[in-house]
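> Have a peek at protein15.txt (compact mmCIF, N, CA and C atoms).
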# COMPACT_ATOMS: atom_id res chain seq x y z
N MET A 1 -17.91 43.27 -53.02
CA MET A 1 -19.09 42.45 -52.85
C MET A 1 -19.61 42.07 -54.22
N ASP A 2 -20.04 40.85 -54.37
CA ASP A 2 -20.57 40.34 -55.63
C ASP A 2 -21.92 40.97 -55.92
N ALA A 3 -22.10 41.45 -57.14
CA ALA A 3 -23.35 42.11 -57.52
C ALA A 3 -24.53 41.15 -57.54
N THR A 4 -24.27 39.87 -57.68
CA THR A 4 -25.36 38.89 -57.73
C THR A 4 -25.69 38.32 -56.36
N ALA A 5 -24.97 38.75 -55.34
CA ALA A 5 -25.22 38.22 -53.99
C ALA A 5 -26.60 38.64 -53.52
N GLN A 6 -27.30 37.71 -52.95
CA GLN A 6 -28.65 37.94 -52.45
C GLN A 6 -28.60 38.21 -50.95
N PRO A 7 -29.46 39.09 -50.48
CA PRO A 7 -29.52 39.31 -49.02
C PRO A 7 -30.08 38.07 -48.35
N PRO A 8 -29.79 37.91 -47.07
CA PRO A 8 -30.33 36.73 -46.36
C PRO A 8 -31.85 36.73 -46.44
N SER A 9 -32.37 35.56 -46.71
CA SER A 9 -33.83 35.46 -46.86
C SER A 9 -34.47 35.17 -45.51
N ALA A 10 -35.76 35.41 -45.46
CA ALA A 10 -36.54 35.12 -44.25
C ALA A 10 -36.65 33.62 -44.08
N PRO A 11 -36.87 33.16 -42.87
CA PRO A 11 -37.02 31.72 -42.65
C PRO A 11 -38.18 31.18 -43.47
N ARG A 12 -38.00 29.99 -43.96
CA ARG A 12 -39.04 29.37 -44.77
C ARG A 12 -40.03 28.64 -43.89
N GLY A 13 -41.21 28.43 -44.43
CA GLY A 13 -42.22 27.67 -43.70
C GLY A 13 -43.23 28.59 -43.05
N ASN A 14 -44.18 27.97 -42.44
CA ASN A 14 -45.26 28.70 -41.80
C ASN A 14 -44.89 28.98 -40.35
N SER A 15 -44.85 30.24 -39.97
CA SER A 15 -44.49 30.59 -38.59
C SER A 15 -45.71 30.71 -37.71
N LEU A 16 -46.90 30.51 -38.25
CA LEU A 16 -48.12 30.64 -37.46
C LEU A 16 -48.16 29.67 -36.27
N PRO A 17 -47.79 28.40 -36.42
CA PRO A 17 -47.79 27.51 -35.24
C PRO A 17 -46.83 27.98 -34.14
N VAL A 18 -45.70 28.52 -34.53
CA VAL A 18 -44.74 29.01 -33.53
C VAL A 18 -45.33 30.20 -32.78
N VAL A 19 -45.94 31.12 -33.51
CA VAL A 19 -46.55 32.28 -32.88
C VAL A 19 -47.69 31.84 -31.97
N ALA A 20 -48.47 30.85 -32.39
CA ALA A 20 -49.58 30.35 -31.57
C ALA A 20 -49.08 29.72 -30.28
N ILE A 21 -48.02 28.95 -30.36
CA ILE A 21 -47.45 28.32 -29.16
C ILE A 21 -46.92 29.39 -28.20
N CYS A 22 -46.21 30.37 -28.73
CA CYS A 22 -45.69 31.45 -27.87
C CYS A 22 -46.83 32.25 -27.26
N PHE A 23 -47.87 32.53 -28.04
CA PHE A 23 -49.03 33.26 -27.53
C PHE A 23 -49.70 32.48 -26.40
N ALA A 24 -49.91 31.19 -26.62
CA ALA A 24 -50.55 30.35 -25.59
C ALA A 24 -49.70 30.30 -24.32
N SER A 25 -48.40 30.24 -24.47
CA SER A 25 -47.51 30.21 -23.31
C SER A 25 -47.64 31.49 -22.48
N ILE A 26 -47.70 32.62 -23.13
CA ILE A 26 -47.83 33.88 -22.42
C ILE A 26 -49.22 34.01 -21.78
N VAL A 27 -50.25 33.48 -22.47
CA VAL A 27 -51.60 33.50 -21.89
C VAL A 27 -51.63 32.68 -20.61
N PHE A 28 -50.98 31.50 -20.62
CA PHE A 28 -50.95 30.68 -19.41
C PHE A 28 -50.16 31.34 -18.29
N ASP A 29 -49.18 32.14 -18.66
CA ASP A 29 -48.44 32.92 -17.67
C ASP A 29 -49.41 33.86 -16.95
N GLY A 30 -50.21 34.59 -17.70
CA GLY A 30 -51.19 35.48 -17.10
C GLY A 30 -52.25 34.72 -16.33
N TYR A 31 -52.65 33.57 -16.85
CA TYR A 31 -53.66 32.74 -16.20
C TYR A 31 -53.19 32.30 -14.82
N ASP A 32 -51.93 31.96 -14.72
CA ASP A 32 -51.37 31.55 -13.43
C ASP A 32 -51.54 32.65 -12.39
N LEU A 33 -51.26 33.87 -12.77
CA LEU A 33 -51.39 34.99 -11.83
C LEU A 33 -52.85 35.26 -11.48
N ILE A 34 -53.73 35.15 -12.46
CA ILE A 34 -55.16 35.38 -12.21
C ILE A 34 -55.73 34.31 -11.29
N VAL A 35 -55.35 33.07 -11.52
CA VAL A 35 -55.86 31.98 -10.69
C VAL A 35 -55.41 32.17 -9.24
N TYR A 36 -54.16 32.52 -9.05
CA TYR A 36 -53.69 32.72 -7.68
C TYR A 36 -54.47 33.85 -7.01
N GLY A 37 -54.66 34.93 -7.72
CA GLY A 37 -55.42 36.04 -7.15
C GLY A 37 -56.84 35.66 -6.78
N SER A 38 -57.43 34.76 -7.54
CA SER A 38 -58.82 34.38 -7.25
C SER A 38 -58.93 33.38 -6.09
N VAL A 39 -57.85 32.68 -5.76
CA VAL A 39 -57.91 31.73 -4.64
C VAL A 39 -57.40 32.32 -3.33
N VAL A 40 -56.91 33.54 -3.36
CA VAL A 40 -56.40 34.16 -2.14
C VAL A 40 -57.44 34.17 -1.02
N PRO A 41 -58.70 34.54 -1.29
CA PRO A 41 -59.68 34.49 -0.19
C PRO A 41 -59.85 33.09 0.40
N SER A 42 -59.80 32.07 -0.44
CA SER A 42 -59.91 30.69 0.06
C SER A 42 -58.70 30.30 0.90
N LEU A 43 -57.51 30.76 0.48
CA LEU A 43 -56.31 30.46 1.26
C LEU A 43 -56.37 31.12 2.63
N LEU A 44 -56.85 32.35 2.67
CA LEU A 44 -56.96 33.05 3.95
C LEU A 44 -58.02 32.43 4.86
N ALA A 45 -59.05 31.85 4.25
CA ALA A 45 -60.14 31.25 5.04
C ALA A 45 -59.85 29.82 5.47
N GLU A 46 -58.81 29.19 4.92
CA GLU A 46 -58.50 27.80 5.26
C GLU A 46 -57.93 27.74 6.68
N PRO A 47 -58.67 27.14 7.63
CA PRO A 47 -58.21 27.14 9.02
C PRO A 47 -56.97 26.29 9.26
N SER A 48 -56.79 25.22 8.51
CA SER A 48 -55.63 24.36 8.76
C SER A 48 -54.32 25.01 8.29
N TRP A 49 -54.39 25.94 7.34
CA TRP A 49 -53.18 26.60 6.87
C TRP A 49 -52.84 27.83 7.70
N ASN A 50 -53.85 28.49 8.28
CA ASN A 50 -53.65 29.61 9.20
C ASN A 50 -52.70 30.67 8.62
N LEU A 51 -53.01 31.14 7.41
CA LEU A 51 -52.16 32.11 6.73
C LEU A 51 -52.60 33.54 7.03
N THR A 52 -51.63 34.44 7.09
CA THR A 52 -51.90 35.86 7.22
C THR A 52 -51.86 36.48 5.81
N PRO A 53 -52.42 37.67 5.65
CA PRO A 53 -52.33 38.33 4.35
C PRO A 53 -50.88 38.53 3.87
N ALA A 54 -49.98 38.79 4.79
CA ALA A 54 -48.57 38.95 4.41
C ALA A 54 -47.99 37.65 3.86
N GLN A 55 -48.34 36.52 4.49
CA GLN A 55 -47.84 35.23 4.00
C GLN A 55 -48.41 34.91 2.62
N VAL A 56 -49.69 35.19 2.43
CA VAL A 56 -50.32 34.94 1.13
C VAL A 56 -49.68 35.82 0.06
N GLY A 57 -49.35 37.05 0.41
CA GLY A 57 -48.66 37.94 -0.53
C GLY A 57 -47.28 37.43 -0.88
N ALA A 58 -46.57 36.91 0.13
CA ALA A 58 -45.24 36.36 -0.12
C ALA A 58 -45.32 35.14 -1.04
N ILE A 59 -46.28 34.26 -0.80
CA ILE A 59 -46.44 33.08 -1.65
C ILE A 59 -46.73 33.52 -3.09
N GLY A 60 -47.53 34.57 -3.24
CA GLY A 60 -47.84 35.08 -4.57
C GLY A 60 -46.61 35.63 -5.28
N SER A 61 -45.70 36.21 -4.54
CA SER A 61 -44.51 36.81 -5.16
C SER A 61 -43.44 35.78 -5.52
N TYR A 62 -43.52 34.58 -4.97
CA TYR A 62 -42.50 33.58 -5.29
C TYR A 62 -42.48 33.24 -6.78
N ALA A 63 -43.63 33.24 -7.42
CA ALA A 63 -43.67 32.96 -8.85
C ALA A 63 -42.94 34.06 -9.63
N LEU A 64 -43.10 35.30 -9.19
CA LEU A 64 -42.42 36.40 -9.89
C LEU A 64 -40.91 36.35 -9.70
N MET A 65 -40.47 35.94 -8.51
CA MET A 65 -39.03 35.78 -8.30
C MET A 65 -38.49 34.66 -9.19
N GLY A 66 -39.26 33.57 -9.29
CA GLY A 66 -38.86 32.47 -10.18
C GLY A 66 -38.82 32.91 -11.63
N MET A 67 -39.77 33.75 -12.03
CA MET A 67 -39.79 34.23 -13.41
C MET A 67 -38.55 35.07 -13.71
N LEU A 68 -38.12 35.88 -12.77
CA LEU A 68 -36.92 36.68 -12.96
C LEU A 68 -35.71 35.79 -13.19
N ILE A 69 -35.53 34.82 -12.31
CA ILE A 69 -34.39 33.92 -12.42
C ILE A 69 -34.50 33.07 -13.69
N GLY A 70 -35.71 32.56 -13.97
CA GLY A 70 -35.91 31.75 -15.17
C GLY A 70 -35.62 32.50 -16.44
N ALA A 71 -36.01 33.77 -16.52
CA ALA A 71 -35.76 34.57 -17.71
C ALA A 71 -34.27 34.83 -17.90
N LEU A 72 -33.58 35.12 -16.81
CA LEU A 72 -32.15 35.38 -16.92
C LEU A 72 -31.38 34.13 -17.33
N VAL A 73 -31.70 33.02 -16.72
CA VAL A 73 -31.00 31.76 -17.02
C VAL A 73 -31.36 31.26 -18.42
N ALA A 74 -32.64 31.29 -18.76
CA ALA A 74 -33.06 30.79 -20.07
C ALA A 74 -32.50 31.64 -21.20
N GLY A 75 -32.37 32.94 -20.97
CA GLY A 75 -31.81 33.80 -22.00
C GLY A 75 -30.39 33.41 -22.36
N VAL A 76 -29.62 32.99 -21.38
CA VAL A 76 -28.24 32.56 -21.63
C VAL A 76 -28.21 31.16 -22.24
N ILE A 77 -29.00 30.25 -21.68
CA ILE A 77 -29.01 28.86 -22.15
C ILE A 77 -29.56 28.75 -23.57
N THR A 78 -30.49 29.63 -23.93
CA THR A 78 -31.09 29.60 -25.26
C THR A 78 -30.04 29.75 -26.35
N ASP A 79 -29.05 30.59 -26.11
CA ASP A 79 -27.99 30.77 -27.10
C ASP A 79 -27.15 29.52 -27.29
N ILE A 80 -27.09 28.70 -26.26
CA ILE A 80 -26.29 27.48 -26.32
C ILE A 80 -27.09 26.30 -26.86
N VAL A 81 -28.27 26.09 -26.31
CA VAL A 81 -29.07 24.90 -26.62
C VAL A 81 -29.99 25.11 -27.81
N GLY A 82 -30.56 26.29 -27.91
CA GLY A 82 -31.51 26.59 -28.98
C GLY A 82 -32.86 26.97 -28.41
N ARG A 83 -33.56 27.80 -29.16
CA ARG A 83 -34.84 28.34 -28.69
C ARG A 83 -35.92 27.28 -28.57
N ARG A 84 -36.01 26.43 -29.56
CA ARG A 84 -37.07 25.43 -29.59
C ARG A 84 -37.01 24.53 -28.36
N LYS A 85 -35.85 24.03 -28.03
CA LYS A 85 -35.71 23.13 -26.88
C LYS A 85 -36.06 23.83 -25.57
N ILE A 86 -35.65 25.09 -25.45
CA ILE A 86 -35.93 25.83 -24.22
C ILE A 86 -37.42 26.12 -24.09
N VAL A 87 -38.09 26.48 -25.17
CA VAL A 87 -39.53 26.75 -25.09
C VAL A 87 -40.28 25.48 -24.72
N ILE A 88 -39.94 24.37 -25.36
CA ILE A 88 -40.62 23.10 -25.05
C ILE A 88 -40.36 22.70 -23.60
N ALA A 89 -39.13 22.79 -23.16
CA ALA A 89 -38.80 22.42 -21.78
C ALA A 89 -39.49 23.36 -20.79
N SER A 90 -39.53 24.64 -21.09
CA SER A 90 -40.16 25.60 -20.18
C SER A 90 -41.67 25.37 -20.07
N VAL A 91 -42.32 25.10 -21.20
CA VAL A 91 -43.76 24.85 -21.16
C VAL A 91 -44.05 23.58 -20.36
N ALA A 92 -43.27 22.53 -20.60
CA ALA A 92 -43.46 21.29 -19.83
C ALA A 92 -43.19 21.53 -18.35
N TRP A 93 -42.15 22.27 -18.05
CA TRP A 93 -41.75 22.56 -16.67
C TRP A 93 -42.87 23.28 -15.93
N PHE A 94 -43.39 24.39 -16.50
CA PHE A 94 -44.40 25.13 -15.76
C PHE A 94 -45.74 24.42 -15.76
N SER A 95 -45.99 23.57 -16.74
CA SER A 95 -47.24 22.80 -16.73
C SER A 95 -47.25 21.81 -15.56
N ILE A 96 -46.15 21.11 -15.38
CA ILE A 96 -46.04 20.16 -14.28
C ILE A 96 -46.08 20.89 -12.94
N ALA A 97 -45.38 22.02 -12.86
CA ALA A 97 -45.35 22.78 -11.61
C ALA A 97 -46.72 23.35 -11.26
N MET A 98 -47.50 23.74 -12.27
CA MET A 98 -48.85 24.24 -11.99
C MET A 98 -49.75 23.13 -11.44
N ILE A 99 -49.58 21.93 -11.95
CA ILE A 99 -50.33 20.79 -11.42
C ILE A 99 -49.94 20.56 -9.96
N LEU A 100 -48.64 20.64 -9.68
CA LEU A 100 -48.17 20.48 -8.30
C LEU A 100 -48.73 21.58 -7.39
N CYS A 101 -48.86 22.80 -7.91
CA CYS A 101 -49.46 23.88 -7.12
C CYS A 101 -50.89 23.54 -6.73
N ALA A 102 -51.62 22.97 -7.66
CA ALA A 102 -53.02 22.61 -7.38
C ALA A 102 -53.12 21.50 -6.34
N LEU A 103 -52.09 20.68 -6.23
CA LEU A 103 -52.11 19.55 -5.31
C LEU A 103 -51.31 19.81 -4.03
N ALA A 104 -50.80 21.01 -3.85
CA ALA A 104 -49.94 21.31 -2.71
C ALA A 104 -50.67 21.08 -1.39
N PRO A 105 -50.09 20.26 -0.50
CA PRO A 105 -50.74 19.96 0.77
C PRO A 105 -50.44 20.97 1.89
N SER A 106 -49.49 21.89 1.65
CA SER A 106 -49.12 22.84 2.69
C SER A 106 -48.73 24.17 2.05
N PRO A 107 -48.76 25.25 2.82
CA PRO A 107 -48.37 26.55 2.27
C PRO A 107 -46.90 26.59 1.84
N GLU A 108 -46.06 25.87 2.56
CA GLU A 108 -44.63 25.84 2.20
C GLU A 108 -44.42 25.22 0.83
N LEU A 109 -45.11 24.10 0.59
CA LEU A 109 -44.98 23.45 -0.71
C LEU A 109 -45.64 24.27 -1.81
N LEU A 110 -46.74 24.94 -1.49
CA LEU A 110 -47.37 25.81 -2.49
C LEU A 110 -46.39 26.90 -2.90
N GLY A 111 -45.73 27.51 -1.95
CA GLY A 111 -44.73 28.54 -2.26
C GLY A 111 -43.59 27.99 -3.09
N LEU A 112 -43.10 26.80 -2.72
CA LEU A 112 -42.02 26.18 -3.49
C LEU A 112 -42.46 25.88 -4.92
N PHE A 113 -43.65 25.30 -5.07
CA PHE A 113 -44.14 24.95 -6.41
C PHE A 113 -44.41 26.20 -7.24
N ARG A 114 -44.85 27.28 -6.61
CA ARG A 114 -45.06 28.52 -7.36
C ARG A 114 -43.72 29.09 -7.82
N PHE A 115 -42.70 28.98 -7.00
CA PHE A 115 -41.36 29.42 -7.42
C PHE A 115 -40.87 28.59 -8.59
N VAL A 116 -41.02 27.27 -8.50
CA VAL A 116 -40.59 26.37 -9.57
C VAL A 116 -41.37 26.65 -10.85
N ALA A 117 -42.68 26.91 -10.73
CA ALA A 117 -43.48 27.26 -11.90
C ALA A 117 -42.99 28.56 -12.50
N GLY A 118 -42.61 29.49 -11.67
CA GLY A 118 -42.07 30.77 -12.15
C GLY A 118 -40.80 30.61 -12.95
N LEU A 119 -39.96 29.64 -12.56
CA LEU A 119 -38.76 29.37 -13.35
C LEU A 119 -39.12 28.99 -14.79
N GLY A 120 -40.11 28.13 -14.91
CA GLY A 120 -40.55 27.70 -16.25
C GLY A 120 -41.23 28.82 -17.01
N LEU A 121 -42.09 29.59 -16.32
CA LEU A 121 -42.76 30.70 -16.98
C LEU A 121 -41.76 31.74 -17.45
N GLY A 122 -40.74 31.99 -16.64
CA GLY A 122 -39.69 32.94 -17.03
C GLY A 122 -38.88 32.43 -18.20
N GLY A 123 -38.76 31.12 -18.34
CA GLY A 123 -38.01 30.56 -19.45
C GLY A 123 -38.68 30.73 -20.80
N VAL A 124 -39.98 30.96 -20.79
CA VAL A 124 -40.71 31.13 -22.06
C VAL A 124 -40.47 32.53 -22.63
N VAL A 125 -40.35 33.51 -21.78
CA VAL A 125 -40.30 34.90 -22.23
C VAL A 125 -39.11 35.22 -23.14
N PRO A 126 -37.89 34.85 -22.80
CA PRO A 126 -36.78 35.23 -23.68
C PRO A 126 -36.83 34.53 -25.02
When written as structure tokens, how does the structure in this file appear?


Amino acid sequence: MDATAQPPSAPRGNSLPVVAICFASIVFDGYDLIVYGSVVPSLLAEPSWNLTPAQVGAIGSYALMGMLIGALVAGVITDIVGRRKIVIASVAWFSIAMILCALAPSPELLGLFRFVAGLGLGGVVP
């Protein structure tokens, strides 16, 4: 080994914006779960949806199932495509899906949109 060889240096530039974006993404992940928990009483009281507590619990868990799948898939794709592209795509994905959750006209679509949002939320974690 050459005596003048330098060890690999740390990445250059300011990493604060990257840390802030990752922090905000994880905060919105938690926010999604808190918002759902706070609307559960309204979902149970909505007469046109006629949901049982078990159904509301299942709808709540769809986001977590999506997060599992999203994390596994994104972890593999990140090595191929790159971290930056996956984080940007995941944030856009779950942002759009959260809007769709707010506009869901039926419990079935709410469950589907929560699963889709979970895919994006899971993609941020790896």

> How many Å lie between CA of Leu119 (chain A) and atom C of Ala45 (chain A), rounded to one decimal?

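Taking CA of Leu119 (chain A) as the start and atom C of Ala45 (chain A) as the end point, the length is 28.3 Å.
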
> Using only C-alpha atoms, which of A:Val125, A:Ile59, A:Met98, A:Cys22 sits nearest Gly75 (chain A)?

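Checking each of A:Val125, A:Ile59, A:Met98, A:Cys22 against Gly75 (chain A), counting only C-alpha atoms, the winner is A:Val125.
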
> In Å to one decimal, how far is atom C of Ser38 (chain A) from atom N of Leu64 (chain A)?

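Interatomic distance, atom N of Leu64 (chain A) to atom C of Ser38 (chain A): 16.2 Å.
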
> Which value, in Å to one decimal, gives the distance between CA of Ile69 (chain A) and atom N of Phe23 (chain A)?

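Taking CA of Ile69 (chain A) as the start and atom N of Phe23 (chain A) as the end point, the length is 20.7 Å.
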
> My list of candidates is A:Gly66, A:Val40, A:Ala92, A:Arg84. Which is closest to Ala54 (chain A) when distances are computed with only C-alpha atoms?

A:Val40

> Excluding Ser95 (chain A) and residues on its chain fewer than 4 positions from it, collect all residues at most 7 Å away from it, counting all atoms listed in the file, and give them as a list in words.

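In the requested form, the answer reads Ser90, Val91, Ile99, Leu100, Ala117 and Gly120 of chain A.
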
> From a backbone DSSP assignment, name each residue in region 2-90 of chain A labelled alpha helix (DSSP H), as a ChimeraX atom specification.

/A:16-45,53-81,83-90

> Give the answer as one residue: which of A:Ala58, A:Ile86, A:Leu72, A:Ile21 has the shortest atom-to-atom distance to Leu112 (chain A), using only C-alpha atoms?

A:Ala58

> Would you pick out the contacts of Ala71 (chain A) at 8 Å or less, using all atoms listed in the file, so that residues sharing its chain but fewer than 3 positions from it are not included, and give the list as number ranges by chain?

A: 65-68, 74-77, 118-126
